[in-house]
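Peer 1: Quick one: structure below, then a few questions.
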Amino acid sequence: MPKIAVIGLGFMGRVHLRNYALLPNAKVAALYDVRPEAMNPNCPETAGNIAAGGVTFDLASVPHFTDYEKMLAAGGFDVVDICLPTYLHAEYAVRALDAGYHVFCEKPLAMTNSETRQIVDAVKKTGNHFGVGHCLRYWPAYREVKRLIDGGRFGCVRYAEFARFSLPPIWGWDGWLMDSRRSGGAALDLHVHDVDMVLHLFGMPQAVRSRGVREKDGGFSHITTLYKYPDLDVTSTGGWLCTASFGFDMRAFFVLEKATIEIDFAKSPIVMIYPQEGEKYPLDLPAGDGYYYELKDFTDNLETGEFENLVTAESAAETIRLALLEIESAHQEKELRV
Ligand SMILES: NC(=O)c1ccc[n+]([C@@H]2O[C@H](COP(=O)([O-])OP(=O)(O)OC[C@H]3O[C@@H](n4cnc5c(N)ncnc54)[C@H](O)[C@@H]3O)[C@@H](O)[C@H]2O)c1
């Protein structure tokens, strides 16, 4: 059974801990954070016993570290699961790979193309497994709609649009999310989910044309992109300028030759199919979310290396390349070829 060191115990670190509690084939064996209180079993944020779906595990019995080198040297685990702020991903991923560990890294893979190259090179050099948390590829609504599209029953996609709306993430440690030099702004941190889904479904476009809402630090808190393909139109919009009373929503809309398909997490059912022939109907979805399925795939298949849907470092690097090009297009206010 793979043993996991979870590093960064903020919002996402706790989401991962809750999912490891549900996975019978994974064991949390080390914790690392600069804030000792984030790993304090009595901290209400972290909770002494992580409970999820009727499973509970006791954090107090897991070794805690506030020094990364010491954790890497102490060992006792197979995987380093990186849930640190994005500007730290490249450095911490390369150090874990070089120390001989497999790595699961939260999205976005890194801040720049040069950082993603460092990670890709380290993965190639060490031969260790590396997965990226592009959770939408595993999220039942998106995964099942991709299956329907790829199955071809409703013909080709003529038009697709993606949307992601959030309140400002003021909850991040040290305000890092609201600082575009450390997070990439909403255009990288939030919108990257849909950039990855565009690539996963349709491959690399020929060109992008983006516009955005620019903040004082030069980052974009909202971005809208038109992706140019020879035979279909794709758009995507996302940002974190919404009010707290709105909260969060993610949506996608597909116009195929013989059906219209809508994903909207604010609606129930989440996925509705509107076929050319017959009545609309909801798509049945398996229970669970993308966080659970991505960590299950990684930990269940680590030994064989035969993953179901692994998001590789190379693939996530292409997602960053496209997202950064969109940001550049918004800055230059012109279409840029990929
Ligand atoms: N897949 C998703 O849907 C999703 C959702 C939210 C966040 N994320 C990603 O997860 C990552 C973490 O985001 P978050 O929202 O959990 O941030 P957060 O601010 O809630 O947590 C970051 C944690 O890292 C710790 N930390 C900071 N610097 C450190 C260092 N040098 N060494 C050790 N610990 C350090 C902080 O103490 C904090 O506990 C980001 O890359 C973010 O983009 C992904």
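Identifiers for the structure tokens are assigned positionally: chains receive A, B, ... in sequence, residues are indexed from 1 per chain, and ligands are indexed from 1 in the order shown.
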Find the residues near ligand 1. Use a cut-off of 8 Å, count only C-alpha atoms and all ligand atoms, and write them as an mmCIF file with N, CA and C atoms, in the first residue's frame.
Peer 2:
data_model
loop_
_atom_site.group_PDB
_atom_site.id
_atom_site.type_symbol
_atom_site.label_atom_id
_atom_site.label_comp_id
_atom_site.auth_asym_id
_atom_site.auth_seq_id
_atom_site.Cartn_x
_atom_site.Cartn_y
_atom_site.Cartn_z
ATOM 1 N N ILE A 7 2.229 17.532 1.696
ATOM 2 C CA ILE A 7 2.959 18.762 2.045
ATOM 3 C C ILE A 7 2.119 19.979 1.661
ATOM 4 N N GLY A 8 1.902 20.856 2.662
ATOM 5 C CA GLY A 8 1.000 21.999 2.518
ATOM 6 C C GLY A 8 -0.368 21.584 3.029
ATOM 7 N N LEU A 9 -0.686 22.019 4.248
ATOM 8 C CA LEU A 9 -1.944 21.551 4.867
ATOM 9 C C LEU A 9 -2.945 22.683 5.009
ATOM 10 N N GLY A 10 -3.096 23.431 3.906
ATOM 11 C CA GLY A 10 -4.128 24.452 3.852
ATOM 12 C C GLY A 10 -5.398 23.824 3.289
ATOM 13 N N PHE A 11 -6.114 24.587 2.472
ATOM 14 C CA PHE A 11 -7.394 24.123 1.932
ATOM 15 C C PHE A 11 -7.255 22.787 1.186
ATOM 16 N N MET A 12 -6.309 22.756 0.233
ATOM 17 C CA MET A 12 -6.227 21.561 -0.625
ATOM 18 C C MET A 12 -5.590 20.386 0.098
ATOM 19 N N GLY A 13 -4.624 20.666 0.965
ATOM 20 C CA GLY A 13 -4.014 19.587 1.743
ATOM 21 C C GLY A 13 -5.071 18.860 2.554
ATOM 22 N N ARG A 14 -6.012 19.622 3.117
ATOM 23 C CA ARG A 14 -7.071 18.994 3.923
ATOM 24 C C ARG A 14 -8.044 18.217 3.039
ATOM 25 N N TYR A 32 3.913 17.833 6.234
ATOM 26 C CA TYR A 32 4.887 18.927 6.275
ATOM 27 C C TYR A 32 4.173 20.234 5.991
ATOM 28 N N ASP A 33 4.449 21.217 6.838
ATOM 29 C CA ASP A 33 3.929 22.582 6.614
ATOM 30 C C ASP A 33 4.827 23.532 7.408
ATOM 31 N N VAL A 34 4.957 24.762 6.917
ATOM 32 C CA VAL A 34 5.729 25.742 7.702
ATOM 33 C C VAL A 34 4.998 26.146 8.966
ATOM 34 N N ARG A 35 3.690 25.974 8.968
ATOM 35 C CA ARG A 35 2.901 26.364 10.154
ATOM 36 C C ARG A 35 2.670 25.125 11.011
ATOM 37 N N ALA A 38 -0.885 24.072 11.599
ATOM 38 C CA ALA A 38 -1.680 23.414 10.542
ATOM 39 C C ALA A 38 -1.686 21.901 10.744
ATOM 40 N N THR A 66 8.417 20.464 9.961
ATOM 41 C CA THR A 66 8.386 21.855 9.489
ATOM 42 C C THR A 66 9.661 22.129 8.679
ATOM 43 N N ASP A 67 10.448 21.073 8.421
ATOM 44 C CA ASP A 67 11.676 21.195 7.630
ATOM 45 C C ASP A 67 11.610 20.138 6.519
ATOM 46 N N TYR A 68 11.587 20.612 5.261
ATOM 47 C CA TYR A 68 11.371 19.703 4.122
ATOM 48 C C TYR A 68 12.523 18.719 3.955
ATOM 49 N N ILE A 82 2.016 17.213 -3.281
ATOM 50 C CA ILE A 82 2.293 18.643 -3.127
ATOM 51 C C ILE A 82 1.014 19.475 -3.178
ATOM 52 N N CYS A 83 0.668 20.052 -2.036
ATOM 53 C CA CYS A 83 -0.498 20.950 -1.941
ATOM 54 C C CYS A 83 -0.043 22.323 -1.461
ATOM 55 N N LEU A 84 1.160 22.704 -1.880
ATOM 56 C CA LEU A 84 1.729 24.004 -1.508
ATOM 57 C C LEU A 84 1.243 25.070 -2.486
ATOM 58 N N PRO A 85 1.410 26.364 -2.136
ATOM 59 C CA PRO A 85 1.133 27.425 -3.105
ATOM 60 C C PRO A 85 1.909 27.179 -4.407
ATOM 61 N N THR A 86 1.314 27.579 -5.524
ATOM 62 C CA THR A 86 1.820 27.217 -6.853
ATOM 63 C C THR A 86 3.267 27.647 -7.098
ATOM 64 N N TYR A 87 3.664 28.820 -6.568
ATOM 65 C CA TYR A 87 5.021 29.305 -6.863
ATOM 66 C C TYR A 87 6.097 28.419 -6.224
ATOM 67 N N LEU A 88 5.685 27.465 -5.375
ATOM 68 C CA LEU A 88 6.653 26.548 -4.755
ATOM 69 C C LEU A 88 6.666 25.174 -5.431
ATOM 70 N N HIS A 89 5.724 24.923 -6.351
ATOM 71 C CA HIS A 89 5.587 23.569 -6.904
ATOM 72 C C HIS A 89 6.869 23.053 -7.543
ATOM 73 N N GLU A 106 -0.530 19.254 -7.059
ATOM 74 C CA GLU A 106 -1.757 20.007 -7.373
ATOM 75 C C GLU A 106 -1.557 20.855 -8.631
ATOM 76 N N LYS A 107 -2.651 21.161 -9.300
ATOM 77 C CA LYS A 107 -2.632 22.113 -10.410
ATOM 78 C C LYS A 107 -2.552 23.514 -9.833
ATOM 79 N N PRO A 108 -2.141 24.537 -10.578
ATOM 80 C CA PRO A 108 -1.429 24.491 -11.844
ATOM 81 C C PRO A 108 -0.023 23.918 -11.592
ATOM 82 N N LEU A 109 0.516 23.197 -12.605
ATOM 83 C CA LEU A 109 1.792 22.509 -12.400
ATOM 84 C C LEU A 109 2.857 23.486 -11.901
ATOM 85 N N GLY A 133 -2.925 17.218 -10.388
ATOM 86 C CA GLY A 133 -4.310 17.254 -9.921
ATOM 87 C C GLY A 133 -5.251 18.056 -10.812
ATOM 88 N N HIS A 134 -5.273 17.742 -12.111
ATOM 89 C CA HIS A 134 -6.302 18.350 -12.971
ATOM 90 C C HIS A 134 -7.583 17.540 -12.780
ATOM 91 N N CYS A 135 -8.258 17.849 -11.672
ATOM 92 C CA CYS A 135 -9.348 17.007 -11.176
ATOM 93 C C CYS A 135 -10.540 16.920 -12.137
ATOM 94 N N TRP A 171 -8.918 33.536 1.337
ATOM 95 C CA TRP A 171 -8.624 32.639 2.450
ATOM 96 C C TRP A 171 -7.198 32.069 2.404
ATOM 97 N N GLY A 172 -6.474 32.232 1.299
ATOM 98 C CA GLY A 172 -5.162 31.576 1.144
ATOM 99 C C GLY A 172 -4.163 32.021 2.202
ATOM 100 N N TRP A 173 -3.215 31.149 2.508
ATOM 101 C CA TRP A 173 -2.128 31.443 3.453
ATOM 102 C C TRP A 173 -1.378 32.694 2.975
ATOM 103 N N ASP A 174 -1.162 33.663 3.850
ATOM 104 C CA ASP A 174 -0.347 34.843 3.560
ATOM 105 C C ASP A 174 -0.861 35.638 2.343
ATOM 106 N N GLY A 175 -2.120 35.481 2.014
ATOM 107 C CA GLY A 175 -2.692 36.228 0.881
ATOM 108 C C GLY A 175 -2.096 35.853 -0.469
ATOM 109 N N TRP A 176 -1.480 34.647 -0.586
ATOM 110 C CA TRP A 176 -0.723 34.305 -1.799
ATOM 111 C C TRP A 176 -1.615 34.206 -3.029
ATOM 112 N N LEU A 177 -2.876 33.771 -2.852
ATOM 113 C CA LEU A 177 -3.746 33.583 -4.025
ATOM 114 C C LEU A 177 -4.106 34.913 -4.689
ATOM 115 N N SER A 183 0.482 33.391 -7.546
ATOM 116 C CA SER A 183 -0.596 32.451 -7.936
ATOM 117 C C SER A 183 -0.869 32.452 -9.443
ATOM 118 N N ASP A 189 -4.637 30.380 -11.938
ATOM 119 C CA ASP A 189 -5.029 29.481 -10.844
ATOM 120 C C ASP A 189 -6.398 28.824 -11.060
ATOM 121 N N LEU A 190 -7.387 29.614 -11.485
ATOM 122 C CA LEU A 190 -8.764 29.111 -11.581
ATOM 123 C C LEU A 190 -9.094 28.638 -13.000
ATOM 124 N N HIS A 193 -8.229 25.128 -14.996
ATOM 125 C CA HIS A 193 -9.062 23.920 -15.031
ATOM 126 C C HIS A 193 -9.725 23.775 -16.412
ATOM 127 N N TYR A 291 -11.489 14.814 -6.986
ATOM 128 C CA TYR A 291 -10.366 14.690 -6.040
ATOM 129 C C TYR A 291 -10.211 13.232 -5.604
#
Peer 1: Enumerate the residues of stretch 5-253 of chain A with a DSSP assignment of strand (DSSP E), computed from the backbone, and present them as JSON, numbers by chain.
Peer 2: {"A": [5, 6, 7, 27, 28, 29, 30, 31, 32, 49, 50, 51, 52, 55, 56, 57, 58, 64, 65, 79, 80, 81, 82, 102, 103, 104, 105, 106, 130, 131, 132, 133, 157, 158, 159, 160, 161, 162, 163, 164, 165, 166, 207, 208, 209, 210, 211, 212, 213, 214, 220, 221, 222, 223, 224, 225, 226, 227, 228, 233, 234, 235, 236, 237, 238, 239, 248, 249, 250, 251, 252, 253]}
Peer 1: Restricting it to C-alpha atoms, dump the selection as an mmCIF file, in the first residue's frame.
Peer 2:
data_model
loop_
_atom_site.group_PDB
_atom_site.id
_atom_site.type_symbol
_atom_site.label_atom_id
_atom_site.label_comp_id
_atom_site.auth_asym_id
_atom_site.auth_seq_id
_atom_site.Cartn_x
_atom_site.Cartn_y
_atom_site.Cartn_z
ATOM 1 C CA ALA A 5 3.645 12.514 2.604
ATOM 2 C CA VAL A 6 1.187 15.397 2.260
ATOM 3 C CA ILE A 7 2.959 18.762 2.045
ATOM 4 C CA LYS A 27 -1.798 5.555 3.995
ATOM 5 C CA VAL A 28 -0.767 9.067 5.079
ATOM 6 C CA ALA A 29 2.717 8.604 6.558
ATOM 7 C CA ALA A 30 4.124 12.149 6.909
ATOM 8 C CA LEU A 31 2.945 15.763 7.052
ATOM 9 C CA TYR A 32 4.887 18.927 6.275
ATOM 10 C CA ASN A 49 -9.054 12.971 13.429
ATOM 11 C CA ILE A 50 -9.745 13.325 9.741
ATOM 12 C CA ALA A 51 -13.156 11.882 9.103
ATOM 13 C CA ALA A 52 -14.679 11.288 5.685
ATOM 14 C CA VAL A 55 -13.642 6.548 7.803
ATOM 15 C CA THR A 56 -11.456 8.216 10.409
ATOM 16 C CA PHE A 57 -7.732 8.468 10.860
ATOM 17 C CA ASP A 58 -5.672 9.980 13.590
ATOM 18 C CA HIS A 64 4.987 16.030 11.430
ATOM 19 C CA PHE A 65 7.761 18.140 9.872
ATOM 20 C CA VAL A 79 4.829 9.589 -2.629
ATOM 21 C CA VAL A 80 5.143 13.309 -1.945
ATOM 22 C CA ASP A 81 1.736 14.920 -2.489
ATOM 23 C CA ILE A 82 2.293 18.643 -3.127
ATOM 24 C CA HIS A 102 6.979 9.598 -6.738
ATOM 25 C CA VAL A 103 5.044 12.881 -6.816
ATOM 26 C CA PHE A 104 1.422 13.919 -7.034
ATOM 27 C CA CYS A 105 1.231 17.692 -7.559
ATOM 28 C CA GLU A 106 -1.757 20.007 -7.373
ATOM 29 C CA PHE A 130 4.266 11.990 -11.516
ATOM 30 C CA GLY A 131 0.579 12.902 -11.525
ATOM 31 C CA VAL A 132 -1.037 16.346 -11.652
ATOM 32 C CA GLY A 133 -4.310 17.254 -9.921
ATOM 33 C CA VAL A 157 -19.050 19.101 -31.597
ATOM 34 C CA ARG A 158 -19.754 22.360 -33.470
ATOM 35 C CA TYR A 159 -19.460 24.712 -30.485
ATOM 36 C CA ALA A 160 -18.329 24.406 -26.853
ATOM 37 C CA GLU A 161 -18.068 26.885 -24.010
ATOM 38 C CA PHE A 162 -16.712 26.606 -20.495
ATOM 39 C CA ALA A 163 -17.294 28.868 -17.496
ATOM 40 C CA ARG A 164 -15.965 29.093 -13.944
ATOM 41 C CA PHE A 165 -17.062 31.785 -11.520
ATOM 42 C CA SER A 166 -15.829 32.271 -7.975
ATOM 43 C CA ALA A 207 -4.506 30.361 -31.934
ATOM 44 C CA VAL A 208 -6.061 32.143 -28.950
ATOM 45 C CA ARG A 209 -7.592 35.579 -28.474
ATOM 46 C CA SER A 210 -8.165 36.614 -24.844
ATOM 47 C CA ARG A 211 -9.420 39.611 -22.917
ATOM 48 C CA GLY A 212 -9.280 40.051 -19.178
ATOM 49 C CA VAL A 213 -10.027 42.162 -16.142
ATOM 50 C CA ARG A 214 -6.636 43.446 -15.029
ATOM 51 C CA PHE A 220 -6.017 39.056 -14.465
ATOM 52 C CA SER A 221 -8.843 38.380 -12.015
ATOM 53 C CA HIS A 222 -11.095 37.320 -14.930
ATOM 54 C CA ILE A 223 -10.222 36.076 -18.416
ATOM 55 C CA THR A 224 -12.229 35.178 -21.505
ATOM 56 C CA THR A 225 -10.699 33.287 -24.428
ATOM 57 C CA LEU A 226 -11.718 32.307 -27.923
ATOM 58 C CA TYR A 227 -9.812 29.211 -29.082
ATOM 59 C CA LYS A 228 -9.351 28.881 -32.833
ATOM 60 C CA ASP A 233 -15.654 27.227 -32.025
ATOM 61 C CA VAL A 234 -14.593 27.017 -28.374
ATOM 62 C CA THR A 235 -14.781 29.756 -25.740
ATOM 63 C CA SER A 236 -13.977 29.802 -22.064
ATOM 64 C CA THR A 237 -14.471 32.395 -19.347
ATOM 65 C CA GLY A 238 -13.456 32.358 -15.710
ATOM 66 C CA GLY A 239 -12.609 34.564 -12.793
ATOM 67 C CA PHE A 248 -18.866 29.311 -6.897
ATOM 68 C CA ASP A 249 -20.154 27.633 -10.035
ATOM 69 C CA MET A 250 -18.670 25.700 -12.944
ATOM 70 C CA ARG A 251 -20.430 25.139 -16.254
ATOM 71 C CA ALA A 252 -19.900 23.770 -19.735
ATOM 72 C CA PHE A 253 -22.127 23.789 -22.798
#
Peer 1: Which residue out of A:Leu23, A:Val338, A:Met111, A:Ala93 has the minimum interatomic distance to A:Arg182 when only C-alpha atoms are used?
Peer 2: A:Met111
Peer 1: From the DSSP assignment of the backbone, select every residue of stretch 13-154 of chain A that is helix (DSSP H, G or I), and format the answer as a ChimeraX atom specification.
Peer 2: /A:13-22,36-39,59-61,68-74,86-98,113-126,135-138,140-151
Peer 1: Identify, on the basis of only C-alpha atoms, every residue whose closest approach to A:Asn25 does not exceed 9 Å; exclude the query and any residue fewer than 4 positions from it along the same chain; express the result as a count of residues only.
Peer 2: 6
Peer 1: A:Asn301, A:Asn19, A:Ser61, A:Thr126: which is nearest A:Met39, counting only C-alpha atoms?
Peer 2: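 Smallest distance to A:Met39 is found for A:Ser61.
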Peer 1: Within 8 Å of A:Leu285, counting only C-alpha atoms, which residues show up once you throw out same-chain ones fewer than 5 positions away? Write them as an MDAnalysis selection string, please.
Peer 2: chainID A and resid 140:141 144
Peer 1: Kindly export the residues of the current selection with C-alpha atoms, as a PDB file, in the first residue's frame.
Peer 2:
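So selection_8.pdb came out as:
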ATOM      1  CA  PRO A 140     -17.847  12.350 -13.134  1.00  0.00           C
ATOM      2  CA  ALA A 141     -19.828  15.077 -14.978  1.00  0.00           C
ATOM      3  CA  GLU A 144     -19.053  11.060 -18.662  1.00  0.00           C
TER       4      GLU A 144
END
Peer 1: Pick the closest to A:Pro24 from A:Phe307, A:Tyr101, A:Tyr292, A:Phe246: which is it, counting only C-alpha atoms?
Peer 2: A:Tyr292
Peer 1: Using only C-alpha atoms, determine which residues lie at most 12 Å from A:Asp98, disregarding the query and same-chain residues fewer than 2 positions distant; provide the list as number ranges by chain.
Peer 2: A: 69, 72-73, 80, 91-96, 100-103, 118-119, 121-128
Peer 1: Set the distance at 12 Å and use only C-alpha atoms: which residues neighbour A:Thr319 once local chain neighbours fewer than 6 positions away are removed? I'd like the list as an MDAnalysis selection string.
Peer 2: chainID A and resid 107:113 116 132 134 188:189 191:200 203:205 311:313 325:326 338
Peer 1: Of the residues A:Glu294, A:Leu322, A:Ser329, A:Leu97, which is the one nearest to A:Leu310, using only C-alpha atoms?
Peer 2: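 For A:Leu310, the nearest of the given residues is A:Glu294.
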Peer 1: Which one is closest to A:Glu262: A:Val15, A:Ala60, A:Ala317, A:Leu283? Count only C-alpha atoms.
Peer 2: A:Leu283
Peer 1: Give the answer as one residue: which of A:Ala287, A:Leu136, A:Ala21, A:Val62 has the shortest atom-to-atom distance to A:Asn309, using only C-alpha atoms?
Peer 2: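 Distance minimum relative to A:Asn309 lands on A:Leu136.
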